[in-house]
Amino acid sequence: MNIKQAKEEIKHTVQAYLLKDAQGVYRIPAIRQRPILMMGPPGIGKTQIMEQIAGECGIGLVAYTITHHTRQSAVGLPFIKQECFEGKEYSVTEYTMSEIIASVYHRIRDFGQKEGILFIDEINCVSETLTPTMLQFLQCKTFGNQKIPEGWIIVAAGNPPEYNKSVRDFDMVTLDRVRTLDIEADLEVWKPYAREQQIHGAVFSYLELCPRNFYRVEADVDGLQFVTARGWEDLSSLMKLYEELELPVTEELVHEFIRNGEVAQDATAYFDLYRKYREDYGIPEILKGNVKPKVYERLLHADFDEKISVVNLLLDALQLNFADAYREKYVTDAWYQFLKAFHDGDMTSTQYTEMLREKQNAFSLAATQQDGTGSTQTKEERNLQMRILQLLQENAPKDEELSGEALFDLVRSGFAEQKDLLKNVQEKTGKALEHAFDFLEDAFTTGQEMLIFITGLTMGREATSFLTQYDCERYQKYNEELLAGSRRTELLKELSF
């Protein structure tokens with residue numbers, strides 16, 4: 001299965017395992033809740049989907065890469081305890097609570113999340129001394145003599161032996177106590193995630209043209225050569241910063257992330273072309289409705305790869321507009337909900353100040369939760385929440401004690417400006433989208449290029465959010481025509497040649 005199917009399967013399992021009866025008892029007792037073991041190549045997003053599942057299910061997440069741990073940190077440290085048996089005292093070895101189990105209890109204590117997922121990555125790549133502990137963990141849901149708290153579901157991930165020489169096979173006794181999901185890399189599943197994460201347009205476009213280079217693991221005379229989804233994503237992040245700093249993206253740099261010489265060379269050459277296309281075609285001017293006649297003339301004689309690159313350049317530029325509109329709508333909606341609750345609560349200035357202090361404390365606590373120990377918030381979400389908090393503080397009463405409508409008028413004073421800002425951003429984005437359609441219709445009519453454009457619009461969260469709010473007749477028209485059944489199949493067949 002692909003990573004998207006695995007996510008749905010795990011999500012459904014979480015929902016089933018956490019289902020309770022009328023007495024509040026789990027319908028499937030903990031002893032029958034088989035841990036899930038994801039087996040698949042490295043770098044395809046196994047950790048990312050765990051963060052998504054925890055966020056969507058509203059539960060906690062504690063994540064560990066077990067290869068970073070020793071037996072002592074996983075099991076706990078031994079200590080001597082005196083016990084009395086049949087009137088005689090004995091010294092007995094016990095263990096302190098392991099760091100991993102303690103992290104689960106920290107999550108419960110600090111965030112009030114009594115249910116969650118304990119995710120252990122690279123579980124079959126541990127040292128020989130830790131292997132029995134991992135088998136005990138999967139079979140008995142314990143580390144040392146400490147059990148996983150009830151309500152916490154175990155998910156583990158490992159790599160097949162062809163990808164990692166240090167992996168250890170699980171015996172039948174262990175495999176008979178887990179649910180194994182075999183996962184494969186899938187570009188079509190990765191593409192919506194890539195749009196949402198704003199993967200560099202050059203990377204996205206290259207992989208559309210060269211899909212076989214999305215994920216490759218090969219061994220030749222020069223040793224192991226590989227390309228992973230993680231490599232493309234990490235390269236994308238650095239490429240964006242290099243462009244801001246006006247630094248060259250060299251083949252040597254690309255090869256540091258794309259560990260296949262042939263693919264690194266090919267991708268670097270394409271990235272240079274992509275930058276040249278962006279300058280030659282004047283993408284920002286196209287989105288303003290200022291298209292030079294020579295652009296159409298060049299496209300008329302351009303090969304297919306160049307045309308697809310131009311479409312992706314348009315999508316890449318539009319994504320920036322969609323992201324702006326998404327952020328402003330997020331802030332506006334959150335501010336509105338706060339004002340509504342505030343108005344219904346009929347607070348005083350003192351109560352308002354105290355509420356802001358509580359929000360600040362909650363935000364600070366959430367910000368300290370690092371990704372490695374279970375953060376289910378993205379950096380973008382944290383930044384938006386910080387901005388909302390700053391806006392509320394800027395519109396807070398200063399010294400005078402107010403209440404009722406007088407206080408409400410003061411608190412909402414900046415909200416009108418935020419609504420105007422949202423309106424302006426949405427109008428700008430809508431015009432850019434309409435100009436993009438104007439250009440595509442003049443250049444390509446309703447061919448393969450329009451299919452790629454419409455498909456690209458349906459992938460990103462920000463684009464989808466905008467299109468549900470903005471009434472774009474041409475998007476609706478082409479979406480129905482090109483993505484419906486036989487027409488889409490016909491165009492995709494043409495694209496495959």
# chains A, B, ... in the order shown; residues from 1 in each chain; ligands from 1
>>> residues_around(residues="Phe257 in chain A", least_positions_apart="3", cutoff="7 Å", atoms="only C-alpha atoms", output="PyMOL selection string")
chain A and resi 231+235+254
>>> select_by_dssp(residues="range 207-286 of chain A", states="alpha helix (DSSP H)", output="PyMOL selection string")
chain A and resi 207-209+229-244+251-257+261-281+283-286
>>> write_last_selection(atoms="N, CA and C atoms", output="compact mmCIF listing (two decimals), in the first residue's frame")
# COMPACT_ATOMS: atom_id res chain seq x y z
N LEU A 207 9.98 16.32 -11.03
CA LEU A 207 9.46 14.98 -10.72
C LEU A 207 8.23 14.65 -11.55
N GLU A 208 7.48 15.66 -11.95
CA GLU A 208 6.37 15.38 -12.87
C GLU A 208 6.90 14.92 -14.22
N LEU A 209 8.01 15.49 -14.65
CA LEU A 209 8.58 15.11 -15.94
C LEU A 209 9.39 13.82 -15.86
N ALA A 229 12.12 10.50 -1.01
CA ALA A 229 11.22 11.64 -0.88
C ALA A 229 11.76 12.64 0.13
N ARG A 230 12.35 12.15 1.20
CA ARG A 230 12.94 13.04 2.21
C ARG A 230 14.05 13.89 1.59
N GLY A 231 14.84 13.26 0.73
CA GLY A 231 15.92 13.99 0.07
C GLY A 231 15.40 15.14 -0.77
N TRP A 232 14.33 14.91 -1.54
CA TRP A 232 13.75 15.97 -2.36
C TRP A 232 13.19 17.09 -1.49
N GLU A 233 12.53 16.74 -0.39
CA GLU A 233 11.94 17.77 0.47
C GLU A 233 13.02 18.61 1.15
N ASP A 234 14.06 17.96 1.65
CA ASP A 234 15.13 18.71 2.30
C ASP A 234 15.89 19.59 1.31
N LEU A 235 16.11 19.07 0.11
CA LEU A 235 16.76 19.86 -0.94
C LEU A 235 15.92 21.08 -1.27
N SER A 236 14.60 20.90 -1.36
CA SER A 236 13.69 21.99 -1.67
C SER A 236 13.82 23.13 -0.66
N SER A 237 13.86 22.78 0.62
CA SER A 237 13.95 23.81 1.67
C SER A 237 15.23 24.62 1.51
N LEU A 238 16.35 23.94 1.22
CA LEU A 238 17.61 24.65 1.09
C LEU A 238 17.65 25.49 -0.19
N MET A 239 17.06 24.98 -1.26
CA MET A 239 17.04 25.73 -2.53
C MET A 239 16.33 27.07 -2.37
N LYS A 240 15.25 27.08 -1.60
CA LYS A 240 14.53 28.34 -1.39
C LYS A 240 15.41 29.37 -0.70
N LEU A 241 16.15 28.93 0.31
CA LEU A 241 17.03 29.86 1.03
C LEU A 241 18.21 30.28 0.17
N TYR A 242 18.73 29.38 -0.63
CA TYR A 242 19.83 29.74 -1.54
C TYR A 242 19.37 30.80 -2.54
N GLU A 243 18.15 30.69 -3.01
CA GLU A 243 17.64 31.69 -3.95
C GLU A 243 17.49 33.05 -3.28
N GLU A 244 17.02 33.06 -2.02
CA GLU A 244 16.91 34.32 -1.29
C GLU A 244 18.28 34.97 -1.12
N GLU A 251 25.57 21.24 -8.84
CA GLU A 251 25.37 19.79 -8.89
C GLU A 251 25.89 19.13 -7.63
N GLU A 252 27.01 19.65 -7.08
CA GLU A 252 27.57 19.09 -5.86
C GLU A 252 26.59 19.23 -4.69
N LEU A 253 25.92 20.39 -4.63
CA LEU A 253 24.94 20.60 -3.57
C LEU A 253 23.77 19.63 -3.73
N VAL A 254 23.25 19.50 -4.93
CA VAL A 254 22.12 18.61 -5.19
C VAL A 254 22.49 17.17 -4.83
N HIS A 255 23.71 16.79 -5.13
CA HIS A 255 24.14 15.41 -4.88
C HIS A 255 24.26 15.11 -3.39
N GLU A 256 24.41 16.15 -2.57
CA GLU A 256 24.44 15.93 -1.12
C GLU A 256 23.09 15.41 -0.60
N PHE A 257 22.01 15.71 -1.32
CA PHE A 257 20.67 15.28 -0.93
C PHE A 257 20.17 14.13 -1.81
N GLY A 261 24.26 9.89 -8.69
CA GLY A 261 24.97 10.84 -9.55
C GLY A 261 24.21 11.22 -10.80
N GLU A 262 23.63 10.24 -11.46
CA GLU A 262 22.90 10.50 -12.71
C GLU A 262 21.69 11.40 -12.46
N VAL A 263 20.92 11.09 -11.43
CA VAL A 263 19.72 11.88 -11.12
C VAL A 263 20.12 13.29 -10.67
N ALA A 264 21.16 13.40 -9.85
CA ALA A 264 21.60 14.71 -9.38
C ALA A 264 22.03 15.59 -10.54
N GLN A 265 22.74 15.03 -11.49
CA GLN A 265 23.18 15.78 -12.66
C GLN A 265 21.99 16.21 -13.51
N ASP A 266 21.07 15.30 -13.72
CA ASP A 266 19.89 15.59 -14.53
C ASP A 266 19.01 16.66 -13.87
N ALA A 267 18.81 16.52 -12.55
CA ALA A 267 17.97 17.49 -11.82
C ALA A 267 18.60 18.87 -11.82
N THR A 268 19.92 18.95 -11.63
CA THR A 268 20.59 20.25 -11.61
C THR A 268 20.43 20.96 -12.94
N ALA A 269 20.59 20.22 -14.03
CA ALA A 269 20.41 20.81 -15.36
C ALA A 269 18.99 21.35 -15.53
N TYR A 270 18.01 20.58 -15.02
CA TYR A 270 16.63 21.05 -15.14
C TYR A 270 16.37 22.27 -14.27
N PHE A 271 16.93 22.30 -13.06
CA PHE A 271 16.74 23.45 -12.18
C PHE A 271 17.24 24.73 -12.85
N ASP A 272 18.37 24.63 -13.58
CA ASP A 272 18.89 25.80 -14.30
C ASP A 272 17.91 26.24 -15.38
N LEU A 273 17.34 25.26 -16.08
CA LEU A 273 16.34 25.58 -17.11
C LEU A 273 15.10 26.22 -16.49
N TYR A 274 14.68 25.69 -15.36
CA TYR A 274 13.48 26.19 -14.68
C TYR A 274 13.65 27.66 -14.32
N ARG A 275 14.82 28.01 -13.77
CA ARG A 275 15.08 29.42 -13.44
C ARG A 275 15.08 30.28 -14.70
N LYS A 276 15.63 29.74 -15.78
CA LYS A 276 15.66 30.49 -17.03
C LYS A 276 14.24 30.70 -17.57
N TYR A 277 13.41 29.67 -17.50
CA TYR A 277 12.02 29.80 -17.96
C TYR A 277 11.29 30.87 -17.14
N ARG A 278 11.53 30.90 -15.85
CA ARG A 278 10.85 31.87 -14.98
C ARG A 278 11.19 33.30 -15.41
N GLU A 279 12.45 33.51 -15.77
CA GLU A 279 12.86 34.85 -16.20
C GLU A 279 12.37 35.14 -17.61
N ASP A 280 12.51 34.16 -18.51
CA ASP A 280 12.16 34.39 -19.92
C ASP A 280 10.67 34.64 -20.11
N TYR A 281 9.84 33.90 -19.37
CA TYR A 281 8.40 34.01 -19.58
C TYR A 281 7.75 35.11 -18.73
N ILE A 283 6.69 35.27 -15.43
CA ILE A 283 5.52 34.72 -14.74
C ILE A 283 4.77 35.79 -13.92
N PRO A 284 5.46 36.64 -13.14
CA PRO A 284 4.72 37.68 -12.38
C PRO A 284 3.88 38.58 -13.28
N GLU A 285 4.39 38.89 -14.47
CA GLU A 285 3.65 39.74 -15.40
C GLU A 285 2.43 39.01 -15.97
N ILE A 286 2.56 37.72 -16.19
CA ILE A 286 1.42 36.93 -16.67
C ILE A 286 0.29 36.99 -15.66
>>> closest_residue(among="A:Glu401, A:Glu218, A:Glu188, A:Glu480", to="Met459 in chain A", atoms="only C-alpha atoms")
A:Glu188
>>> residues_around(residues="Ala334 in chain A", least_positions_apart="5", cutoff="9 Å", atoms="only C-alpha atoms", output="mmCIF file with N, CA and C atoms, in the first residue's frame")
data_model
loop_
_atom_site.group_PDB
_atom_site.id
_atom_site.type_symbol
_atom_site.label_atom_id
_atom_site.label_comp_id
_atom_site.auth_asym_id
_atom_site.auth_seq_id
_atom_site.Cartn_x
_atom_site.Cartn_y
_atom_site.Cartn_z
ATOM 1 N N LYS A 329 -7.223 34.530 6.069
ATOM 2 C CA LYS A 329 -8.534 33.990 6.439
ATOM 3 C C LYS A 329 -8.467 33.255 7.775
ATOM 4 N N LEU A 339 -13.905 37.137 19.254
ATOM 5 C CA LEU A 339 -14.781 38.274 19.540
ATOM 6 C C LEU A 339 -16.194 37.815 19.864
ATOM 7 N N GLN A 385 -0.838 31.394 15.161
ATOM 8 C CA GLN A 385 -1.385 31.563 16.506
ATOM 9 C C GLN A 385 -0.676 32.687 17.257
ATOM 10 N N ILE A 388 -2.130 35.917 15.953
ATOM 11 C CA ILE A 388 -3.457 36.181 16.524
ATOM 12 C C ILE A 388 -3.315 36.715 17.940
#
>>> closest_residue(among="A:Ile199, A:Ala185, A:Met39, A:Leu287", to="Asp121 in chain A", atoms="only C-alpha atoms")
A:Met39
>>> closest_residue(among="A:Ile66, A:Ile454, A:Val14, A:Leu138", to="Ile153 in chain A", atoms="only C-alpha atoms")
A:Val14
>>> select_by_dssp(residues="range 129-334 of chain A", states="strand (DSSP E or B)", output="PyMOL selection string")
chain A and resi 142-143+146-147+152-158+179-182+216-220+223-227+259
>>> residues_around(residues="Leu422 in chain A", least_positions_apart="5", cutoff="12 Å", atoms="only C-alpha atoms", output="ChimeraX atom specification")
/A:321-333,415-417,427-429,466
>>> write_last_selection(atoms="C-alpha atoms", output="short mmCIF file (atom, residue, chain, number, x, y, z; two decimals), in the first residue's frame")
data_model
loop_
_atom_site.label_atom_id
_atom_site.label_comp_id
_atom_site.auth_asym_id
_atom_site.auth_seq_id
_atom_site.Cartn_x
_atom_site.Cartn_y
_atom_site.Cartn_z
CA ASN A 321 -1.06 34.06 -3.40
CA PHE A 322 -3.14 31.16 -2.11
CA ALA A 323 -0.92 30.90 0.97
CA ASP A 324 -1.36 34.64 1.70
CA ALA A 325 -5.14 34.34 1.38
CA TYR A 326 -5.17 31.22 3.59
CA ARG A 327 -3.17 32.91 6.35
CA GLU A 328 -5.33 36.04 6.38
CA LYS A 329 -8.53 33.99 6.44
CA TYR A 330 -7.18 31.82 9.26
CA VAL A 331 -6.39 34.92 11.33
CA THR A 332 -9.68 36.64 10.51
CA ASP A 333 -11.80 33.58 11.36
CA PHE A 415 -10.88 43.77 13.40
CA ALA A 416 -12.26 45.96 10.60
CA GLU A 417 -8.71 46.51 9.32
CA GLU A 427 -9.20 40.08 -4.61
CA LYS A 428 -5.52 40.08 -5.60
CA THR A 429 -5.46 36.26 -5.58
CA PHE A 466 -9.45 29.59 -1.61
#
